[in-house]
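File shown: start_37.cif. Contents: mmCIF, C-alpha atoms.
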```cif
data_target
#
loop_
_atom_site.label_atom_id
_atom_site.label_comp_id
_atom_site.auth_asym_id
_atom_site.auth_seq_id
_atom_site.Cartn_x
_atom_site.Cartn_y
_atom_site.Cartn_z
CA MET A 147 0.00 0.00 0.00
CA ARG A 148 1.17 3.53 -0.73
CA ARG A 149 1.89 5.42 2.48
CA ILE A 150 1.05 8.98 3.44
CA ASN A 151 4.62 10.25 3.37
CA ASN A 152 5.06 9.22 -0.25
CA ILE A 153 2.75 10.34 -3.05
CA PHE A 154 -0.93 11.00 -3.50
CA SER A 155 -2.30 8.97 -6.39
CA LEU A 156 -4.62 11.13 -8.47
CA ALA A 157 -7.43 9.85 -10.52
CA LEU A 158 -8.94 8.59 -13.72
CA ILE A 159 -12.48 7.99 -14.21
CA ALA A 160 -10.93 9.62 -12.18
CA SER A 161 -10.27 9.14 -8.62
CA ILE A 162 -7.46 10.25 -6.42
CA THR A 163 -6.44 7.69 -3.90
CA LEU A 164 -3.93 7.19 -1.16
CA PHE A 165 -3.83 4.22 1.16
CA SER A 166 -2.53 4.34 4.71
CA CYS A 167 -2.23 1.66 7.35
CA SER A 168 -3.82 2.47 10.67
CA GLU A 169 -4.26 0.33 13.74
CA GLU A 170 -6.63 2.94 15.17
CA GLN A 171 -9.09 2.64 12.26
CA PRO A 172 -8.93 -0.95 10.94
CA ILE A 173 -10.93 -1.66 7.81
CA VAL A 174 -13.12 -4.68 8.45
CA ASP A 175 -15.29 -4.45 5.30
CA ASP A 176 -14.86 -7.07 2.59
CA LEU A 177 -13.37 -5.03 -0.24
CA SER A 178 -12.60 -7.99 -2.49
CA VAL A 179 -13.92 -8.05 -6.05
CA SER A 180 -15.30 -11.20 -7.71
CA ASP A 181 -13.18 -13.07 -10.24
CA GLU A 182 -15.83 -12.41 -12.89
CA VAL A 183 -15.63 -8.64 -12.46
CA ILE A 184 -11.82 -8.73 -12.34
CA ALA A 185 -11.84 -10.60 -15.66
CA GLN A 186 -14.11 -7.93 -17.16
CA ILE A 187 -11.80 -5.16 -15.92
CA ALA A 188 -8.75 -6.97 -17.30
CA ALA A 189 -10.49 -7.28 -20.68
CA LEU A 190 -10.75 -3.48 -20.80
CA GLY A 191 -6.96 -3.22 -20.70
CA PHE A 192 -6.44 -2.36 -17.04
CA ASP A 193 -3.66 -3.88 -14.91
CA VAL A 194 -5.30 -6.21 -12.38
CA ASN A 195 -2.10 -7.99 -11.37
CA ASN A 196 0.01 -5.17 -9.95
CA PHE A 197 -3.11 -3.25 -8.85
CA VAL A 198 -5.77 -5.63 -7.51
CA PRO A 199 -9.22 -3.95 -7.84
CA THR A 200 -11.11 -3.23 -4.61
CA LYS A 201 -14.64 -2.09 -3.88
CA ILE A 202 -15.47 1.56 -3.28
CA ASP A 203 -18.97 2.99 -2.81
CA ASN A 204 -21.04 1.46 -5.62
CA GLY A 205 -18.08 0.63 -7.82
CA TYR A 206 -14.46 -0.43 -7.95
CA LEU A 207 -11.03 1.20 -7.55
CA VAL A 208 -8.81 0.02 -10.39
CA GLU A 209 -5.05 0.53 -10.72
CA GLY A 210 -5.14 2.26 -7.35
CA ASP A 211 -6.95 5.36 -8.62
CA ILE A 212 -9.49 4.58 -11.33
CA TYR A 213 -13.21 4.51 -10.49
CA LEU A 214 -15.39 2.09 -12.46
CA THR A 215 -18.97 0.95 -11.93
CA ASP A 216 -20.77 -2.05 -13.40
CA ALA A 217 -22.46 0.36 -15.81
CA THR A 218 -19.21 1.91 -17.05
CA ILE A 219 -17.60 -1.52 -17.38
CA ALA A 220 -20.51 -2.61 -19.58
CA GLU A 221 -20.25 0.52 -21.73
CA MET A 222 -16.48 0.48 -22.27
CA GLY A 223 -14.78 -1.43 -25.07
CA ARG A 224 -11.61 -3.44 -24.86
CA GLY A 225 -8.53 -1.44 -23.87
CA ASN A 226 -5.67 -0.55 -26.14
CA LEU A 227 -2.19 0.69 -25.43
CA VAL A 228 -1.36 4.17 -26.69
CA PRO A 229 1.82 5.85 -27.96
CA VAL A 230 4.06 7.96 -25.77
CA VAL A 231 2.51 11.42 -25.91
CA GLU A 232 2.02 14.26 -23.44
CA GLN A 233 -1.56 15.52 -23.14
CA TYR A 234 -4.66 13.42 -23.71
CA SER A 235 -8.36 14.01 -24.04
CA THR A 236 -11.37 11.71 -24.08
CA ASN A 237 -13.55 11.16 -27.13
CA ASN A 238 -16.43 13.03 -25.48
CA LEU A 239 -15.87 16.69 -24.68
CA VAL A 240 -18.08 19.41 -23.21
CA ASN A 241 -20.20 21.26 -25.75
CA ALA A 242 -19.13 24.83 -25.10
CA GLY A 243 -21.37 26.47 -27.69
CA GLY A 244 -20.60 30.17 -27.86
CA GLY A 245 -19.49 30.13 -24.22
CA ARG A 246 -20.70 27.96 -21.38
CA VAL A 247 -20.75 28.49 -17.63
CA ILE A 248 -20.40 25.20 -15.72
CA THR A 249 -21.86 25.48 -12.23
CA ILE A 250 -20.41 23.59 -9.27
CA TYR A 251 -22.01 23.04 -5.87
CA ALA A 252 -20.23 21.85 -2.72
CA PRO A 253 -21.97 21.59 0.69
CA GLU A 254 -20.40 23.68 3.43
CA GLU A 255 -20.08 22.71 7.07
CA GLY A 256 -23.35 23.19 8.91
CA ALA A 257 -25.34 23.77 5.71
CA SER A 258 -28.01 21.54 4.21
CA SER A 259 -27.18 19.57 1.07
CA GLY A 260 -29.41 21.80 -1.05
CA GLY A 261 -31.11 19.18 -3.19
CA GLY A 262 -30.05 16.69 -5.77
CA GLY A 263 -28.41 18.49 -8.69
CA LYS A 264 -28.76 17.10 -12.22
CA GLY A 265 -29.67 13.55 -11.36
CA LYS A 266 -27.04 13.34 -8.64
CA LYS A 267 -27.45 13.09 -4.90
CA GLY A 268 -26.80 16.24 -2.95
CA GLY A 269 -24.38 16.96 -0.17
CA GLY A 270 -22.69 13.70 0.75
CA GLY A 271 -21.12 13.11 4.14
CA GLY A 272 -23.50 15.07 6.35
CA ASP A 273 -21.34 17.87 7.76
CA GLY A 274 -20.16 19.19 4.40
CA TYR A 275 -16.78 20.73 3.64
CA SER A 276 -14.57 22.95 5.77
CA PRO A 277 -13.71 26.55 4.82
CA ALA A 278 -10.29 25.30 3.64
CA MET A 279 -11.92 22.85 1.23
CA ILE A 280 -14.29 25.51 -0.10
CA ALA A 281 -11.35 27.90 -0.51
CA GLY A 282 -9.55 25.18 -2.48
CA LEU A 283 -12.56 24.78 -4.75
CA ASP A 284 -12.76 28.53 -5.29
CA GLU A 285 -9.05 28.64 -6.17
CA ALA A 286 -9.46 25.74 -8.62
CA ILE A 287 -12.33 27.57 -10.30
CA ALA A 288 -10.26 30.78 -10.47
CA ARG A 289 -7.41 28.93 -12.21
CA TYR A 290 -9.67 27.80 -15.04
CA ASN A 291 -11.44 31.14 -15.37
CA ALA A 292 -8.11 32.98 -15.61
CA GLU A 293 -7.43 31.12 -18.89
CA ASN A 294 -10.35 32.87 -20.69
CA LEU A 295 -11.63 29.64 -22.20
CA SER A 296 -14.92 29.04 -24.02
CA ILE A 297 -16.05 27.36 -20.81
CA SER A 298 -15.93 28.90 -17.35
CA PHE A 299 -16.84 27.69 -13.86
CA GLN A 300 -19.01 29.21 -11.14
CA ARG A 301 -19.64 27.94 -7.60
CA VAL A 302 -23.32 28.04 -6.67
CA THR A 303 -25.06 27.77 -3.29
CA SER A 304 -27.59 25.09 -4.20
CA SER A 305 -27.14 21.73 -5.85
CA THR A 306 -30.48 22.11 -7.64
CA GLY A 307 -29.65 22.41 -11.32
CA ALA A 308 -25.89 22.44 -10.74
CA ASP A 309 -23.82 20.93 -13.54
CA ILE A 310 -21.34 19.33 -11.10
CA VAL A 311 -22.08 18.42 -7.48
CA MET A 312 -19.10 17.82 -5.19
CA THR A 313 -20.16 15.15 -2.72
CA ARG A 314 -18.43 13.99 0.44
CA LEU A 315 -16.92 10.52 0.39
CA SER A 316 -18.19 8.03 2.95
CA LYS A 317 -16.40 7.93 6.30
CA ARG A 318 -15.21 4.41 5.46
CA ASP A 319 -13.53 5.51 2.25
CA GLU A 320 -12.04 8.62 3.88
CA SER A 321 -10.59 6.49 6.67
CA ARG A 322 -8.97 4.08 4.21
CA GLY A 323 -7.31 6.94 2.38
CA VAL A 324 -9.44 7.54 -0.71
CA LEU A 325 -9.13 11.20 -1.67
CA GLY A 326 -11.55 11.63 -4.55
CA SER A 327 -12.99 10.50 -7.88
CA ALA A 328 -14.74 11.82 -10.97
CA GLY A 329 -15.70 10.75 -14.48
CA PHE A 330 -15.71 11.94 -18.08
CA PRO A 331 -18.10 14.06 -20.21
CA THR A 332 -21.30 12.50 -21.49
CA SER A 333 -22.07 11.70 -25.12
CA GLN A 334 -24.53 14.62 -25.00
CA GLY A 335 -21.68 17.06 -24.42
CA ASP A 336 -22.25 17.71 -20.72
CA PRO A 337 -19.51 17.61 -18.06
CA TYR A 338 -19.47 14.64 -15.71
CA GLY A 339 -21.96 15.55 -13.00
CA GLU A 340 -20.27 14.51 -9.75
CA ILE A 341 -16.93 14.85 -8.02
CA LYS A 342 -16.51 12.72 -4.91
CA MET A 343 -13.98 14.30 -2.57
CA SER A 344 -12.56 13.52 0.84
CA GLY A 345 -13.24 16.18 3.45
CA VAL A 346 -9.98 15.62 5.33
CA LEU A 347 -7.33 16.81 2.88
CA GLU A 348 -6.33 19.56 5.30
CA SER A 349 -6.98 17.93 8.67
CA SER A 350 -5.50 14.48 7.91
CA TYR A 351 -2.94 15.21 5.20
CA GLY A 352 -1.96 18.80 5.98
CA LEU A 353 -2.58 20.10 2.47
CA SER A 354 -2.56 23.83 1.84
CA THR A 355 -5.32 25.67 0.01
CA ASN A 356 -3.23 25.48 -3.17
CA GLY A 357 -2.61 21.77 -2.69
CA ILE A 358 -6.35 21.16 -2.26
CA ALA A 359 -7.05 23.36 -5.30
CA THR A 360 -4.66 21.28 -7.41
CA ILE A 361 -6.47 18.05 -6.55
CA ILE A 362 -9.93 19.52 -7.16
CA ALA A 363 -8.75 21.10 -10.43
CA HIS A 364 -7.46 17.67 -11.47
CA GLU A 365 -10.91 16.14 -10.93
CA MET A 366 -12.53 19.06 -12.76
CA GLY A 367 -10.13 18.30 -15.61
CA HIS A 368 -11.49 14.77 -15.86
CA CYS A 369 -15.06 16.12 -15.84
CA ILE A 370 -14.32 18.15 -18.97
CA GLY A 371 -12.40 15.42 -20.77
CA PHE A 372 -8.75 15.30 -19.71
CA ARG A 373 -6.83 12.06 -19.20
CA HIS A 374 -3.62 11.76 -17.20
CA THR A 375 -0.59 13.52 -18.68
CA ASP A 376 1.48 10.39 -18.02
CA TYR A 377 -1.33 8.09 -19.11
CA PHE A 378 1.09 5.91 -21.08
CA ASP A 379 3.41 5.36 -18.11
CA ARG A 380 2.19 6.13 -14.59
CA SER A 381 5.63 5.43 -13.18
CA ILE A 382 6.71 8.91 -14.36
CA SER A 383 4.80 10.50 -11.47
CA CYS A 384 3.89 7.48 -9.32
CA GLY A 385 7.17 5.56 -9.30
CA GLY A 386 7.45 1.79 -9.52
CA GLY A 387 7.44 -0.19 -12.74
CA THR A 388 6.15 0.99 -16.11
CA SER A 389 2.36 0.90 -16.13
CA ASN A 390 0.18 1.89 -19.09
CA GLU A 391 -3.39 2.61 -18.00
CA GLY A 392 -4.94 1.16 -21.15
CA ALA A 393 -7.25 3.18 -23.40
CA GLY A 394 -10.67 1.58 -23.26
CA SER A 395 -13.42 3.16 -25.38
CA VAL A 396 -13.41 6.49 -23.55
CA GLY A 397 -10.48 7.62 -25.69
CA ALA A 398 -6.94 8.87 -25.12
CA ASN A 399 -6.34 11.41 -27.87
CA HIS A 400 -3.10 13.37 -28.15
CA ILE A 401 -3.69 17.12 -27.98
CA PRO A 402 -1.78 18.92 -30.77
CA GLY A 403 0.86 21.38 -29.67
CA THR A 404 1.81 19.49 -26.53
CA PRO A 405 5.12 17.59 -26.15
CA THR A 406 5.57 13.93 -26.94
CA GLY A 407 6.68 12.77 -23.50
CA ALA A 408 5.75 13.65 -19.94
CA SER A 409 8.07 14.59 -17.09
CA LEU A 410 7.69 14.87 -13.35
CA SER A 411 9.57 18.16 -13.36
CA ALA A 412 6.97 19.80 -15.62
CA LYS A 413 4.40 19.30 -12.82
CA SER A 414 1.34 19.08 -15.05
CA TRP A 415 -1.89 19.33 -13.07
CA MET A 416 -3.06 16.13 -14.78
CA LEU A 417 -0.12 13.89 -13.79
CA ALA A 418 -1.43 10.67 -12.26
CA CYS A 419 0.31 11.22 -8.92
CA THR A 420 1.34 14.19 -6.80
CA ASP A 421 3.07 14.88 -3.50
CA GLY A 422 0.20 17.16 -2.50
CA SER A 423 2.02 20.37 -3.42
CA ASN A 424 0.78 23.26 -5.54
CA ARG A 425 0.63 22.53 -9.29
CA PRO A 426 -0.91 25.43 -11.24
CA PHE A 427 -1.26 25.04 -15.02
CA ASN A 428 2.09 24.92 -16.78
CA ASN A 429 2.54 26.22 -20.34
CA ASP A 430 1.70 22.86 -21.92
CA ASP A 431 -1.39 22.54 -19.73
CA LYS A 432 -2.51 25.97 -20.95
CA THR A 433 -1.90 24.95 -24.56
CA ALA A 434 -4.06 21.85 -24.04
CA LEU A 435 -6.85 23.80 -22.34
CA ASP A 436 -6.82 26.44 -25.07
CA TYR A 437 -6.91 23.80 -27.83
CA LEU A 438 -9.94 22.00 -26.40
CA TYR A 439 -11.82 25.04 -25.11
#
```
What is this file in structure tokens?
Amino acid sequence: MRRINNIFSLALIASITLFSCSEEQPIVDDLSVSDEVIAQIAALGFDVNNFVPTKIDNGYLVEGDIYLTDATIAEMGRGNLVPVVEQYSTNNLVNAGGGRVITIYAPEEGASSGGGGKGKKGGGGGDGYSPAMIAGLDEAIARYNAENLSISFQRVTSSTGADIVMTRLSKRDESRGVLGSAGFPTSQGDPYGEIKMSGVLESSYGLSTNGIATIIAHEMGHCIGFRHTDYFDRSISCGGGTSNEGAGSVGANHIPGTPTGASLSAKSWMLACTDGSNRPFNNDDKTALDYLY
């Protein structure tokens, strides 16, 4: 298991996960996945040998940081390996039209969940998010809006009608070190409608507002169609042996104008893993954002 003092594993279909061992909070739930489901996940091109899938919420954590459900497994095609390239996007992107404002709702501490959002449950883990988490979300939104894209983001105070609802992970998943998850745009051109986030990024992991913003911005990136910058080889940011995430039918399309090859030193906001530090958009990230939106 990856320990707290190493790296935070960010996410694809997007989850960010970190596992820690704790005698104070033992995990007694059966997190094992059936052989049948593991075979289905392997058929999609994911590594089930070095990263044994486990259960999370109503789905599965794959390769340590990928969130799949039975529905997404059924919808995805067989995986394919991809060439060594820098920035990637999914086949589905957000329909920006002549300019689109994507609204995001996150429940605050002591506030009600505010309804269900666009087909998604509201609120999440009861007590909502701390001021530090909300500040991180606001900073993530500001980073995108500063790029003057054809899409922009706005935090709203009710989940009713919100395009993306940030929901609190269950206490069980927070205690076992899961940090967050998200998905990819729909075939109708809408952003993925839910970001699941831990509420203890500051209190348990000591992340700064900028560190929290980087993680939330990463999940927002998945919602609008970005894959990991080191998709072809997670070891660039995560360490360990070479590991290609596999393409599946969601797509892993090289974005023109970005380098052919990723590096840890470039600190792209969409690298698979991070140490929890601040990673604002680098020049290649900005090129990719500008190309898509």
Segment 200-208 of chain A surroundings by all atoms listed in the file, 7 Å radius, close-in-sequence under 5 positions cut, as an MDAnalysis selection string: chainID A and resid 177:179 213:216
Closest of A:Ile287, A:Ala328, A:Glu348, A:Arg314 to Arg301 of chain A - atom-to-atom distances counting all atoms listed in the file: A:Ile287
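Remark: for Pro402 of chain A, the closest of the candidate residues A:Gln334, A:Gly244, A:Ser235, A:Lys342 is A:Ser235 (distances computed over only C-alpha atoms).
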A:Ile401, A:Leu190, A:Ala408, A:Cys384 ranked by distance to Ala434 of chain A, top pick (using all atoms listed in the file): A:Ile401
Resolved residues for the PyMOL selection byres ((chain A and resi 349-365) around 7) as a list in words: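 So the PyMOL selection byres ((chain A and resi 349-365) around 7), applied here, picks out Ala160, Ala278, Met279, Ala281, Gly282, Leu283, Glu285, Ala286, Ser327, Ala328, Ile341, Val346, Leu347, Glu348, Met366, Gly367, His368, Cys369, Trp415, Met416, Gly422, Ser423, Asn424, Arg425 and Pro426 of chain A.
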Output check: residues returned by the PyMOL selection byres ((chain A and resi 302) around 9), as a PyMOL selection string: chain A and resi 249-252+300-301+303-305+308
For atom CA of Gly329 of chain A and atom CA of Thr433 of chain A, the interatomic separation in Å (one decimal):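 Taking atom CA of Gly329 of chain A as the start and atom CA of Thr433 of chain A as the end point, the length is 22.2 Å.
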Gap from atom CA of Ser383 of chain A to atom CA of Ala418 of chain A - Å, one decimal: 6.3 Å
Residue nearest Asn399 of chain A among A:Asn195, A:Thr375, A:Ser180, A:Ser296 (counting only C-alpha atoms): A:Thr375
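With only C-alpha atoms as the atoms that count, the residue of A:Asn241, A:Ser316, A:Ser414, A:Ser344 with the shortest distance to Phe427 of chain A is A:Ser414.
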Of the listed residues A:Gly403, A:Gly256, A:Pro277, A:Pro331, that which approaches Arg373 of chain A most closely, counting all atoms listed in the file: A:Pro331
Atom CA of Val311 of chain A to atom CA of Ile248 of chain A, distance in Å rounded to a single decimal: 10.8 Å
Evaluate the PyMOL selection byres ((chain A and resi 238) around 6) on the structure here and hand back the selected residues as a PDB file with C-alpha atoms, keeping the file's coordinate frame.
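Listed below is the output, part31.pdb:
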```
ATOM      1  CA  THR A 236     -11.370  11.710 -24.080  1.00  0.00           C
ATOM      2  CA  ASN A 237     -13.550  11.160 -27.130  1.00  0.00           C
ATOM      3  CA  LEU A 239     -15.870  16.690 -24.680  1.00  0.00           C
ATOM      4  CA  PRO A 331     -18.100  14.060 -20.210  1.00  0.00           C
ATOM      5  CA  SER A 333     -22.070  11.700 -25.120  1.00  0.00           C
TER       6      SER A 333
END
```
Nearby residues, (-12.7, 28.6, -14.0) file frame, 9 Å, all atoms listed in the file, as a PyMOL selection string: chain A and resi 247-248+284-295+297-300
